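> Structure file my_file28.cif (mmCIF, C-alpha atoms (C1' of nucleotides)) right here:
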data_upload
loop_
_atom_site.label_atom_id
_atom_site.label_comp_id
_atom_site.auth_asym_id
_atom_site.auth_seq_id
_atom_site.Cartn_x
_atom_site.Cartn_y
_atom_site.Cartn_z
CA MET T 1 -13.64 8.91 0.71
CA ASN T 2 -14.49 7.69 -2.72
CA TYR T 3 -11.53 5.51 -3.55
CA GLU T 4 -12.14 3.01 -0.82
CA SER T 5 -9.02 3.27 1.13
CA HIS T 6 -10.74 3.92 4.41
CA HIS T 7 -9.59 0.55 5.57
CA LEU T 8 -6.04 1.79 5.25
CA SER T 9 -6.59 4.85 7.36
CA ALA T 10 -8.59 2.78 9.80
CA ALA T 11 -5.77 0.26 10.03
CA ILE T 12 -3.24 2.96 10.66
CA LYS T 13 -5.42 4.60 13.26
CA LYS T 14 -5.80 1.27 15.00
CA ALA T 15 -2.12 0.44 14.84
CA ARG T 16 -1.28 3.82 16.25
CA ALA T 17 -3.72 3.32 19.11
CA ASN T 18 -2.29 -0.11 19.80
CA LEU T 19 1.12 1.38 20.27
CA GLY T 20 -0.32 4.05 22.50
CA LEU T 21 0.91 6.80 20.24
CA SER T 22 -0.81 10.13 19.84
CA GLN T 23 -0.96 11.77 16.44
CA ARG T 24 1.80 14.04 17.65
CA ASP T 25 3.98 11.07 18.60
CA LEU T 26 3.42 9.48 15.23
CA SER T 27 4.10 12.80 13.61
CA GLU T 28 7.50 12.92 15.27
CA ARG T 29 8.36 9.39 14.21
CA SER T 30 7.11 9.57 10.69
CA GLY T 31 8.10 13.10 9.97
CA LEU T 32 4.65 14.04 8.77
CA PRO T 33 2.89 16.97 10.39
CA GLN T 34 0.19 16.07 12.88
CA ALA T 35 -2.35 17.99 10.83
CA GLN T 36 -1.66 15.74 7.90
CA ILE T 37 -2.10 12.60 9.97
CA SER T 38 -5.41 13.86 11.26
CA LYS T 39 -6.58 14.61 7.75
CA PHE T 40 -5.52 11.20 6.54
CA GLU T 41 -7.22 9.36 9.37
CA ASN T 42 -10.39 11.23 8.58
CA GLY T 43 -10.13 10.63 4.89
CA THR T 44 -10.03 14.28 3.97
CA VAL T 45 -6.78 14.04 2.08
CA ASP T 46 -5.51 11.96 -0.81
CA ILE T 47 -2.00 11.45 0.47
CA ARG T 48 0.98 10.58 -1.62
CA LEU T 49 2.50 7.17 -1.53
CA SER T 50 5.63 8.41 0.18
CA SER T 51 3.57 9.80 3.05
CA LEU T 52 1.67 6.57 3.37
CA VAL T 53 4.91 4.65 3.45
CA ALA T 54 6.33 6.96 6.09
CA LEU T 55 3.28 6.38 8.23
CA PHE T 56 3.15 2.64 8.16
CA ARG T 57 6.90 2.26 8.43
CA ALA T 58 6.73 4.26 11.62
CA LEU T 59 4.18 1.78 12.88
CA GLY T 60 6.07 -1.37 11.98
CA LEU T 61 3.75 -2.19 9.12
CA GLU T 62 4.43 -3.06 5.53
CA LEU T 63 2.27 -2.68 2.47
CA GLU T 64 1.85 -5.82 0.44
CA LEU T 65 0.08 -6.16 -2.87
CA VAL T 66 -1.77 -9.43 -2.89
CA PRO T 67 -4.00 -10.98 -5.53
CA ARG T 68 -7.61 -10.59 -4.55
CA GLN T 69 -8.04 -14.34 -4.38
CA VAL T 70 -5.61 -14.78 -1.54
CA VAL T 71 -6.71 -11.81 0.52
CA PRO T 72 -8.64 -13.99 2.98
CA ALA T 73 -5.64 -16.24 3.52
CA VAL T 74 -3.42 -13.26 4.12
CA GLN T 75 -5.85 -11.68 6.51
CA SER T 76 -6.14 -14.92 8.40
CA ILE T 77 -2.38 -15.05 8.73
CA VAL T 78 -2.21 -11.51 9.94
CA LYS T 79 -4.90 -12.16 12.51
CA ASN T 80 -3.72 -15.47 13.80
CA ILE T 81 0.00 -15.36 13.51
CA THR T 82 0.68 -11.88 14.61
CA PRO T 83 2.11 -12.19 18.05
CA ARG T 84 -0.02 -10.19 20.46
CA SER T 85 1.60 -6.95 19.56
CA THR T 86 3.81 -5.82 22.37
CA ILE T 87 4.07 -2.36 23.66
CA ASP T 88 6.05 0.26 21.87
CA VAL T 89 9.74 -0.03 22.76
CA LYS T 90 10.22 3.68 23.21
CA LEU T 91 7.32 3.84 25.59
CA LEU T 92 8.76 0.94 27.57
CA ALA T 93 12.17 2.59 27.73
CA ARG T 94 10.54 5.80 28.89
CA ALA T 95 8.72 3.93 31.62
CA LYS T 96 11.86 2.23 32.85
CA MET T 97 13.75 5.48 32.97
CA ALA T 98 11.04 7.22 34.87
CA LEU T 99 10.76 4.32 37.28
CA ASN T 100 14.50 4.33 37.86
CA CYS T 101 14.50 8.02 38.66
CA VAL T 102 11.76 7.50 41.17
CA LEU T 103 13.55 4.53 42.68
CA GLN T 104 16.74 6.53 43.09
CA GLN T 105 14.94 9.40 44.77
CA LEU T 106 13.15 6.99 47.05
CA ALA T 107 16.41 5.29 47.94
CA ARG T 108 18.00 8.64 48.71
CA LEU T 109 15.14 9.59 50.98
CA ASN T 110 15.65 6.26 52.71
CA GLN T 111 12.12 6.16 54.08
CA SER T 112 9.47 3.52 53.55
CA PRO T 113 11.95 0.83 52.44
CA GLY T 114 9.11 -1.65 51.99
CA LYS T 115 7.62 0.45 49.22
CA LEU T 116 11.02 0.81 47.66
CA GLU T 117 11.36 -2.95 47.55
CA TYR T 118 7.93 -3.33 46.03
CA LEU T 119 8.73 -0.90 43.26
CA LYS T 120 12.10 -2.52 42.61
CA GLU T 121 10.37 -5.80 42.19
CA TYR T 122 7.94 -4.18 39.83
CA SER T 123 10.84 -2.94 37.79
CA HIS T 124 11.90 -6.54 37.26
CA PHE T 125 8.36 -7.49 36.47
CA LEU T 126 8.46 -5.00 33.65
CA GLU T 127 11.53 -6.67 32.25
CA ARG T 128 9.84 -10.04 32.16
CA THR T 129 6.36 -9.16 31.13
CA GLN T 130 5.19 -8.75 27.57
CA ILE T 131 2.79 -5.94 27.91
CA SER T 132 -0.20 -6.47 25.73
CA ALA T 133 -1.04 -3.71 23.36
CA ILE T 134 -4.48 -3.67 24.88
CA HIS T 135 -3.15 -1.95 27.97
CA THR T 136 -0.92 0.54 26.33
CA LYS T 137 -3.11 3.38 27.34
CA SER T 138 -3.12 2.54 31.02
CA PHE T 139 0.59 1.93 30.80
CA LYS T 140 1.20 5.24 29.19
CA ARG T 141 -0.80 7.05 31.82
CA TRP T 142 1.17 5.33 34.54
CA THR T 143 4.41 6.32 32.87
CA LYS T 144 3.35 9.90 32.64
CA PHE T 145 2.38 9.84 36.25
CA LEU T 146 5.88 8.61 37.12
CA GLU T 147 7.44 11.32 35.02
CA ARG T 148 5.46 13.95 36.78
CA LEU T 149 6.33 12.46 40.17
CA LYS T 150 10.05 12.66 39.77
CA THR T 151 10.01 16.36 39.12
CA ASP T 152 7.74 17.14 42.03
CA SER T 153 8.86 16.91 45.58
CA PHE T 154 8.11 13.58 47.17
CA ASP T 155 5.69 13.27 49.99
CA ASN T 156 4.05 10.28 51.57
CA LYS T 157 0.71 10.87 49.92
CA LYS T 158 2.29 10.82 46.51
CA ILE T 159 4.18 7.65 47.25
CA GLU T 160 0.95 6.07 48.43
CA LEU T 161 -0.70 7.11 45.21
CA LEU T 162 2.17 5.73 43.19
CA ILE T 163 1.91 2.37 44.92
CA LYS T 164 -1.82 2.34 44.40
CA ARG T 165 -1.65 3.09 40.71
CA THR T 166 1.17 0.66 40.23
CA GLU T 167 -0.83 -2.11 41.83
CA GLU T 168 -3.77 -1.28 39.65
CA LEU T 169 -1.68 -1.53 36.53
CA ARG T 170 -0.07 -4.76 37.66
CA ASN T 171 -3.45 -6.31 38.25
CA GLN T 172 -4.53 -5.31 34.78
CA LEU T 173 -1.46 -6.78 33.17
CA GLU T 174 -1.62 -10.03 35.14
CA GLN T 175 -5.23 -10.51 34.27
CA ALA T 176 -4.35 -10.05 30.66
CA SER T 177 -1.62 -12.66 30.65
CA ASP T 178 -4.04 -15.13 32.25
CA SER T 179 -6.71 -14.65 29.65
CA SER T 180 -4.22 -14.85 26.83
CA ILE T 181 -3.48 -18.43 27.81
CA GLN T 182 -7.07 -19.39 27.20
CA ASP T 183 -7.32 -17.29 24.10
CA PRO T 184 -7.99 -19.62 21.18
CA PHE T 185 -6.39 -17.11 18.84
CA SER T 186 -3.07 -17.23 20.57
CA ARG T 187 -2.30 -20.48 18.83
CA PRO T 188 -1.85 -20.10 15.10
CA ALA T 189 -4.44 -21.86 13.00
CA TYR T 190 -1.94 -22.92 10.37
CA SER T 191 1.56 -24.24 10.17
CA LEU T 192 4.43 -23.52 7.86
CA ASP T 193 6.66 -26.38 6.83
CA MET I 194 13.14 6.36 -5.49
CA ASN I 195 13.76 7.55 -2.02
CA TYR I 196 10.74 6.32 -0.19
CA GLU I 197 11.37 2.66 -0.84
CA SER I 198 8.22 1.63 -2.51
CA HIS I 199 9.81 0.25 -5.63
CA HIS I 200 8.48 -3.15 -4.72
CA LEU I 201 5.00 -1.77 -5.22
CA SER I 202 5.66 -0.43 -8.66
CA ALA I 203 7.54 -3.59 -9.52
CA ALA I 204 4.59 -5.69 -8.37
CA ILE I 205 2.24 -3.66 -10.49
CA LYS I 206 4.48 -3.84 -13.50
CA LYS I 207 4.69 -7.58 -13.12
CA ALA I 208 0.97 -8.03 -12.61
CA ARG I 209 0.32 -5.97 -15.69
CA ALA I 210 2.71 -8.05 -17.74
CA ASN I 211 1.14 -11.24 -16.41
CA LEU I 212 -2.21 -10.16 -17.72
CA GLY I 213 -0.67 -9.25 -21.02
CA LEU I 214 -1.75 -5.65 -20.72
CA SER I 215 0.12 -2.75 -22.19
CA GLN I 216 0.37 0.49 -20.30
CA ARG I 217 -2.30 1.82 -22.62
CA ASP I 218 -4.60 -1.08 -21.78
CA LEU I 219 -4.07 -0.52 -18.10
CA SER I 220 -4.54 3.17 -18.63
CA GLU I 221 -7.93 2.52 -20.14
CA ARG I 222 -8.96 0.19 -17.34
CA SER I 223 -7.71 2.28 -14.47
CA GLY I 224 -8.49 5.67 -15.88
CA LEU I 225 -4.97 6.94 -15.33
CA PRO I 226 -3.08 8.37 -18.28
CA GLN I 227 -0.47 6.09 -19.79
CA ALA I 228 2.22 8.67 -19.10
CA GLN I 229 1.42 8.49 -15.42
CA ILE I 230 1.65 4.73 -15.36
CA SER I 231 5.00 4.85 -17.07
CA LYS I 232 6.27 7.38 -14.56
CA PHE I 233 5.02 5.30 -11.67
CA GLU I 234 6.56 2.11 -12.94
CA ASN I 235 9.85 3.91 -13.26
CA GLY I 236 9.62 5.51 -9.87
CA THR I 237 9.74 9.03 -11.18
CA VAL I 238 6.52 10.08 -9.55
CA ASP I 239 5.14 10.05 -6.03
CA ILE I 240 1.59 9.12 -6.86
CA ARG I 241 -1.39 9.71 -4.67
CA LEU I 242 -3.12 6.91 -2.88
CA SER I 243 -6.19 7.16 -5.08
CA SER I 244 -4.07 6.57 -8.16
CA LEU I 245 -2.38 3.61 -6.58
CA VAL I 246 -5.75 2.16 -5.67
CA ALA I 247 -7.03 2.65 -9.20
CA LEU I 248 -4.03 0.80 -10.52
CA PHE I 249 -4.11 -2.25 -8.35
CA ARG I 250 -7.87 -2.56 -8.49
CA ALA I 251 -7.62 -2.67 -12.26
CA LEU I 252 -5.19 -5.53 -11.87
CA GLY I 253 -7.19 -7.59 -9.41
CA LEU I 254 -4.83 -6.83 -6.57
CA GLU I 255 -5.48 -5.62 -3.07
CA LEU I 256 -3.31 -3.64 -0.74
CA GLU I 257 -2.84 -5.20 2.66
CA LEU I 258 -1.17 -3.70 5.70
CA VAL I 259 0.91 -6.40 7.24
CA PRO I 260 2.93 -6.29 10.44
CA ARG I 261 6.57 -6.49 9.53
CA GLN I 262 7.01 -9.74 11.40
CA VAL I 263 4.62 -11.64 9.21
CA VAL I 264 5.70 -10.20 5.88
CA PRO I 265 7.68 -13.32 4.93
CA ALA I 266 4.71 -15.55 5.66
CA VAL I 267 2.46 -13.37 3.57
CA GLN I 268 4.91 -13.26 0.71
CA SER I 269 5.22 -16.99 0.81
CA ILE I 270 1.46 -17.29 0.58
CA VAL I 271 1.30 -14.96 -2.34
CA LYS I 272 4.01 -16.88 -4.13
CA ASN I 273 2.90 -20.39 -3.42
CA ILE I 274 -0.81 -20.31 -3.04
CA THR I 275 -1.71 -17.97 -5.78
CA PRO I 276 -3.36 -20.14 -8.30
CA ARG I 277 -1.25 -19.87 -11.41
CA SER I 278 -2.83 -16.67 -12.45
CA THR I 279 -4.94 -17.22 -15.49
CA ILE I 280 -4.95 -15.08 -18.51
CA ASP I 281 -6.94 -11.90 -18.63
CA VAL I 282 -10.57 -12.68 -19.47
CA LYS I 283 -10.84 -9.90 -22.00
CA LEU I 284 -7.81 -11.16 -23.82
CA LEU I 285 -9.25 -14.63 -23.87
CA ALA I 286 -12.55 -13.35 -25.22
CA ARG I 287 -10.72 -11.41 -27.88
CA ALA I 288 -8.83 -14.50 -28.91
CA LYS I 289 -11.97 -16.59 -29.18
CA MET I 290 -13.71 -14.00 -31.25
CA ALA I 291 -10.81 -13.67 -33.63
CA LEU I 292 -10.54 -17.41 -33.91
CA ASN I 293 -14.23 -17.73 -34.67
CA CYS I 294 -14.01 -15.15 -37.41
CA VAL I 295 -11.17 -17.02 -39.00
CA LEU I 296 -13.01 -20.31 -38.66
CA GLN I 297 -16.06 -18.89 -40.38
CA GLN I 298 -14.04 -17.52 -43.23
CA LEU I 299 -12.26 -20.81 -43.62
CA ALA I 300 -15.54 -22.66 -43.58
CA ARG I 301 -16.92 -20.36 -46.23
CA LEU I 302 -13.91 -20.91 -48.47
CA ASN I 303 -14.48 -24.62 -48.03
CA GLN I 304 -10.91 -25.58 -48.81
CA SER I 305 -8.43 -27.43 -46.62
CA PRO I 306 -11.08 -28.96 -44.38
CA GLY I 307 -8.41 -30.75 -42.39
CA LYS I 308 -6.99 -27.46 -41.23
CA LEU I 309 -10.43 -26.23 -40.40
CA GLU I 310 -10.92 -29.27 -38.20
CA TYR I 311 -7.63 -28.72 -36.49
CA LEU I 312 -8.47 -25.14 -35.68
CA LYS I 313 -11.92 -26.05 -34.46
CA GLU I 314 -10.38 -28.52 -32.13
CA TYR I 315 -7.99 -25.87 -30.94
CA SER I 316 -10.93 -23.66 -30.20
CA HIS I 317 -12.19 -26.30 -27.80
CA PHE I 318 -8.74 -26.68 -26.35
CA LEU I 319 -8.87 -23.01 -25.46
CA GLU I 320 -12.08 -23.58 -23.55
CA ARG I 321 -10.51 -26.27 -21.44
CA THR I 322 -7.05 -24.96 -20.86
CA GLN I 323 -6.09 -22.61 -18.11
CA ILE I 324 -3.54 -20.52 -19.84
CA SER I 325 -0.65 -19.77 -17.58
CA ALA I 326 0.20 -16.17 -17.10
CA ILE I 327 3.70 -17.06 -18.17
CA HIS I 328 2.58 -17.38 -21.75
CA THR I 329 0.37 -14.39 -21.94
CA LYS I 330 2.73 -12.65 -24.23
CA SER I 331 2.85 -15.45 -26.77
CA PHE I 332 -0.87 -15.76 -26.51
CA LYS I 333 -1.41 -12.12 -27.13
CA ARG I 334 0.83 -12.21 -30.15
CA TRP I 335 -1.09 -15.12 -31.55
CA THR I 336 -4.36 -13.32 -30.98
CA LYS I 337 -3.14 -10.27 -32.78
CA PHE I 338 -1.98 -12.41 -35.62
CA LEU I 339 -5.48 -13.85 -35.88
CA GLU I 340 -7.01 -10.43 -35.84
CA ARG I 341 -4.80 -9.30 -38.66
CA LEU I 342 -5.58 -12.44 -40.64
CA LYS I 343 -9.29 -11.97 -40.71
CA THR I 344 -9.08 -8.57 -42.34
CA ASP I 345 -6.63 -9.66 -44.98
CA SER I 346 -7.59 -11.85 -47.81
CA PHE I 347 -6.90 -15.48 -47.11
CA ASP I 348 -4.33 -17.39 -49.04
CA ASN I 349 -2.79 -20.75 -48.51
CA LYS I 350 0.47 -19.37 -47.21
CA LYS I 351 -1.30 -17.48 -44.52
CA ILE I 352 -3.27 -20.46 -43.46
CA GLU I 353 -0.09 -22.47 -43.27
CA LEU I 354 1.43 -19.80 -41.09
CA LEU I 355 -1.61 -19.73 -38.88
CA ILE I 356 -1.42 -23.48 -38.36
CA LYS I 357 2.27 -23.24 -37.64
CA ARG I 358 1.91 -20.52 -35.05
CA THR I 359 -1.04 -22.19 -33.47
CA GLU I 360 0.90 -25.41 -33.09
CA GLU I 361 3.77 -23.51 -31.55
CA LEU I 362 1.50 -21.91 -29.03
CA ARG I 363 -0.22 -25.16 -28.24
CA ASN I 364 3.10 -26.81 -27.57
CA GLN I 365 4.06 -24.02 -25.25
CA LEU I 366 0.85 -24.28 -23.31
CA GLU I 367 0.94 -28.04 -23.06
CA GLN I 368 4.48 -28.02 -21.88
CA ALA I 369 3.48 -25.56 -19.24
CA SER I 370 0.66 -27.68 -17.91
CA ASP I 371 3.01 -30.66 -17.79
CA SER I 372 5.69 -28.86 -15.87
CA SER I 373 3.18 -27.40 -13.48
CA ILE I 374 2.39 -30.88 -12.31
CA GLN I 375 5.96 -31.44 -11.33
CA ASP I 376 6.37 -27.94 -10.00
CA PRO I 377 7.01 -28.20 -6.28
CA PHE I 378 5.57 -24.76 -5.83
CA SER I 379 2.24 -25.66 -7.27
CA ARG I 380 1.34 -27.38 -4.03
CA PRO I 381 0.91 -24.95 -1.17
CA ALA I 382 3.53 -25.19 1.52
CA TYR I 383 0.99 -24.67 4.26
CA SER I 384 -2.51 -25.63 5.11
CA LEU I 385 -5.32 -23.71 6.66
CA ASP I 386 -7.62 -25.49 9.05
"C1'" DA M 387 15.06 -2.24 -43.53
"C1'" DA M 388 10.66 -0.53 -42.74
"C1'" DT M 389 6.62 -0.44 -39.95
"C1'" DA M 390 4.15 -0.68 -35.98
"C1'" DA M 391 3.53 -1.13 -31.15
"C1'" DA M 392 4.87 -0.11 -26.56
"C1'" DT M 393 7.10 2.76 -23.50
"C1'" DA M 394 9.39 6.91 -21.96
"C1'" DT M 395 9.65 12.04 -22.02
"C1'" DA M 396 8.19 16.76 -22.64
"C1'" DT M 397 5.09 20.75 -22.02
"C1'" DA M 398 1.58 23.43 -20.17
"C1'" DT M 399 -2.32 24.04 -17.03
"C1'" DT M 400 -4.88 23.10 -12.95
"C1'" DA M 401 -5.65 21.07 -8.63
"C1'" DT M 402 -4.12 19.76 -4.41
"C1'" DA M 403 -0.72 17.64 -1.15
"C1'" DA M 404 3.13 19.04 1.74
"C1'" DG M 405 4.72 21.59 5.28
"C1'" DA M 406 5.02 25.08 8.91
"C1'" DT M 407 2.39 27.05 12.31
"C1'" DA M 408 -1.46 28.46 14.97
"C1'" DT M 409 -5.71 27.79 17.07
"C1'" DC M 410 -9.90 25.60 18.85
"C1'" DA M 411 -12.77 22.32 21.19
"C1'" DG M 412 -13.28 18.38 23.99
"C1'" DA M 413 -11.47 15.00 27.20
"C1'" DA M 414 -8.60 13.75 30.90
"C1'" DA M 415 -5.85 14.76 34.81
"C1'" DA M 416 -4.30 17.75 38.44
"C1'" DT A 417 -11.40 24.97 38.41
"C1'" DT A 418 -7.24 25.10 35.91
"C1'" DT A 419 -4.02 22.81 33.27
"C1'" DT A 420 -2.53 19.43 29.98
"C1'" DC A 421 -3.28 16.37 26.23
"C1'" DT A 422 -5.37 15.14 22.05
"C1'" DG A 423 -7.40 15.58 17.80
"C1'" DA A 424 -9.55 18.54 14.27
"C1'" DT A 425 -9.28 22.84 11.50
"C1'" DA A 426 -7.51 26.99 9.33
"C1'" DT A 427 -4.12 29.70 6.78
"C1'" DC A 428 -0.45 30.52 3.83
"C1'" DT A 429 3.37 29.21 0.66
"C1'" DT A 430 5.62 26.00 -2.11
"C1'" DA A 431 6.13 21.81 -4.50
"C1'" DT A 432 4.42 18.56 -7.36
"C1'" DA A 433 0.76 15.23 -8.94
"C1'" DA A 434 -2.99 14.99 -12.28
"C1'" DT A 435 -4.32 15.54 -16.75
"C1'" DA A 436 -4.34 16.14 -21.74
"C1'" DT A 437 -1.55 15.93 -25.48
"C1'" DA A 438 2.31 15.45 -28.30
"C1'" DT A 439 6.59 13.48 -29.41
"C1'" DA A 440 10.58 10.89 -28.95
"C1'" DT A 441 12.80 6.37 -28.04
"C1'" DT A 442 12.93 1.67 -27.62
"C1'" DT A 443 11.32 -2.89 -28.85
"C1'" DA A 444 8.93 -6.17 -31.74
"C1'" DT A 445 7.06 -7.76 -36.16
"C1'" DT A 446 6.94 -8.24 -41.06
#
Before we go any further, please render this structure as structure tokens.


Amino acid sequence: MNYESHHLSAAIKKARANLGLSQRDLSERSGLPQAQISKFENGTVDIRLSSLVALFRALGLELELVPRQVVPAVQSIVKNITPRSTIDVKLLARAKMALNCVLQQLARLNQSPGKLEYLKEYSHFLERTQISAIHTKSFKRWTKFLERLKTDSFDNKKIELLIKRTEELRNQLEQASDSSIQDPFSRPAYSLD
Amino acid sequence: MNYESHHLSAAIKKARANLGLSQRDLSERSGLPQAQISKFENGTVDIRLSSLVALFRALGLELELVPRQVVPAVQSIVKNITPRSTIDVKLLARAKMALNCVLQQLARLNQSPGKLEYLKEYSHFLERTQISAIHTKSFKRWTKFLERLKTDSFDNKKIELLIKRTEELRNQLEQASDSSIQDPFSRPAYSLD
DNA sequence: AATAAATATATATTATAAGATATCAGAAAA
DNA sequence: TTTTCTGATATCTTATAATATATATTTATT
């Protein structure tokens, strides 16, 4: 890359990772082919503005032209104000759907009602909790696991595994929300009047 | 324009105007052909990222990727904090040079010493004053007028005209610096800690 | 009204992005 | 181990940006 726009591709790569999207996911959203995204992220293509716009729009980002002098101020805003980016809405919806399917199947089976209750509660937990972008990957894995579960036939081992992985995830998320309270960056370092 | 990036071309057009640059000037600085700049500013071309970068770099701008949520905050910064963008340094240098030439010629002629004094004083005024971007156009015109003057043969009429136009410009600039004091936007609406 | 400056178009050539699609290698999960 | 997921490459066609250059059109300036 000669024209120093690596920071753009890096930013997009990061944003994509934060949302837990694969290049293929982003490809679907943005309409660009996955191959193109890969090339852009690696700086082996000089993409057109429209492609760039498609990419960052799909990631909830906007391009702003700012005078060089105020770049630090802008960057500080972006760092400090940005609410801990929450998980991708589509991913969350996917998770809820998968969880509901599993819950329904469990209810139909009518065995291990305790586990059913636990998972129901977890479903509510999902409603309440703002899932930090940091854990998107774990969350995505868990969702995929759910999705696979519902197609397979249920057996006790699988339900055990589900409970186990769910507890793991919950622990991760709860830890995160604790630490975010102490996080000095969670309070903005400026104020607008 | 289908890909909604008019605000980018508009920003560049504006920045260019603020610096008092013509498309040809910008072309020279950025290395892009004037025709390309025209097409971009009119949204009839989907330029590549490298071209965009060349353009905004030549204008002292940077491209920042900003989460949609904080776009208003960033725009407010750019509007309010941006120090009243000063005139292009090259243009200023050009003006000083032209003025000096004229001063020397006047000195050599050794007539109308009062006018000579006035212009000398104005030369110092230029050193002190931060010329608002708003008046770049007038300033550029004045500079060009000076440049034309020095090649022509001097006569009293021309010197009169020079004084007149210089006074006009000075008034404009002084008015500007007055109003900027009262300008509510000249004080930033936020503070960084 | 005439001239000049700035901007918008036009043309022709070359380079390369876009797009569709397939494949490959490595990592992760089963 | 086998399968699935992910990211990087490759190939081919088509569309269009880049570039140089010229010219027209619009806008200031004298």

> Contacts of DA434 of chain A at 10 Å or less, counting all atoms listed in the file, minus same-chain residues fewer than 3 places along, as a tab-separated table (two decimals) with C-alpha atoms (C1' of nucleotides), in the frame of the given file?


chain	number	residue	atom	x	y	z
I	225	LEU	CA	-4.97	6.94	-15.33
I	226	PRO	CA	-3.08	8.37	-18.28
I	229	GLN	CA	1.42	8.49	-15.42
I	240	ILE	CA	1.59	9.12	-6.86
I	241	ARG	CA	-1.39	9.71	-4.67
I	244	SER	CA	-4.07	6.57	-8.16
M	400	DT	C1'	-4.88	23.10	-12.95
M	401	DA	C1'	-5.65	21.07	-8.63
M	402	DT	C1'	-4.12	19.76	-4.41

> Please, what distance in Å, to one decimal, runs between atom C1' of DT407 of chain M and atom CA of Arg57 of chain T?

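Separation of atom C1' of DT407 of chain M and atom CA of Arg57 of chain T: 25.5 Å.
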
> Can you list, as a list in words, every protein, DNA or RNA residue that comes within 10 Å of segment 419-426 of chain A when you count all atoms listed in the file, leaving out same-chain residues fewer than 2 positions away?

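Counting all atoms listed in the file, the residues come to Ser22, Gln23, Arg24, Gln34, Ala35, Ile37, Ser38, Lys39 and Asn42 of chain T; DA408, DT409, DC410, DA411, DG412, DA413, DA414, DA415 and DA416 of chain M; DT417 and DC428 of chain A.
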
> Box time for segment 156-164 of chain T: axis-aligned, enclosing all its listed atoms, 8 Å extra on each side; report centre and edge lengths in Å to one decimal, as AutoDock Vina command-line options.


--center_x 1.2 --center_y 6.6 --center_z 47.4 --size_x 22.0 --size_y 24.5 --size_z 24.4

> Could you tell me how far atom C1' of DA438 of chain A lies from atom CA of Glu221 of chain I, in Å and to one decimal?

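Separating atom C1' of DA438 of chain A from atom CA of Glu221 of chain I is a distance of 18.4 Å.
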
> Specify as a PyMOL selection string all residues of chain A found within 9 Å of chain I, counting only C-alpha atoms (C1' of nucleotides).

chain A and resi 432-436

> To test your reading of the syntax: which residues would the PyMOL selection byres ((chain T and resi 55) around 10) return for the file shown? Reply as a PyMOL selection string.

chain T and resi 12+16+26-27+29-32+37+49-54+56-62

> Hey, what's within 9 Å of DA444 of chain A if we count only C-alpha atoms (C1' of nucleotides) and toss same-chain stuff fewer than 3 positions away? As a ChimeraX atom specification, please?

/M:390-392

> Kindly resolve the PyMOL selection byres ((chain M and resi 388) around 12) on the present coordinates and return the residues as a PyMOL selection string.

(chain M and resi 387+389-390) or (chain A and resi 445-446)

> Dump as a PDB file with C-alpha atoms (C1' of nucleotides), keeping the file's coordinate frame the residues of chain M that approach chain I to within 9 Å, counting all atoms listed in the file.


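Dumped to part_15.pdb:
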ATOM      1  C1'  DA M 392       4.870  -0.110 -26.560  1.00  0.00           C
ATOM      2  C1'  DT M 393       7.100   2.760 -23.500  1.00  0.00           C
ATOM      3  C1'  DA M 394       9.390   6.910 -21.960  1.00  0.00           C
ATOM      4  C1'  DT M 395       9.650  12.040 -22.020  1.00  0.00           C
ATOM      5  C1'  DA M 403      -0.720  17.640  -1.150  1.00  0.00           C
TER       6       DA M 403
END

> Can you tell me how far atom CA of Leu256 of chain I sits from atom CA of Lys13 of chain T, in Å to one decimal?

16.4 Å
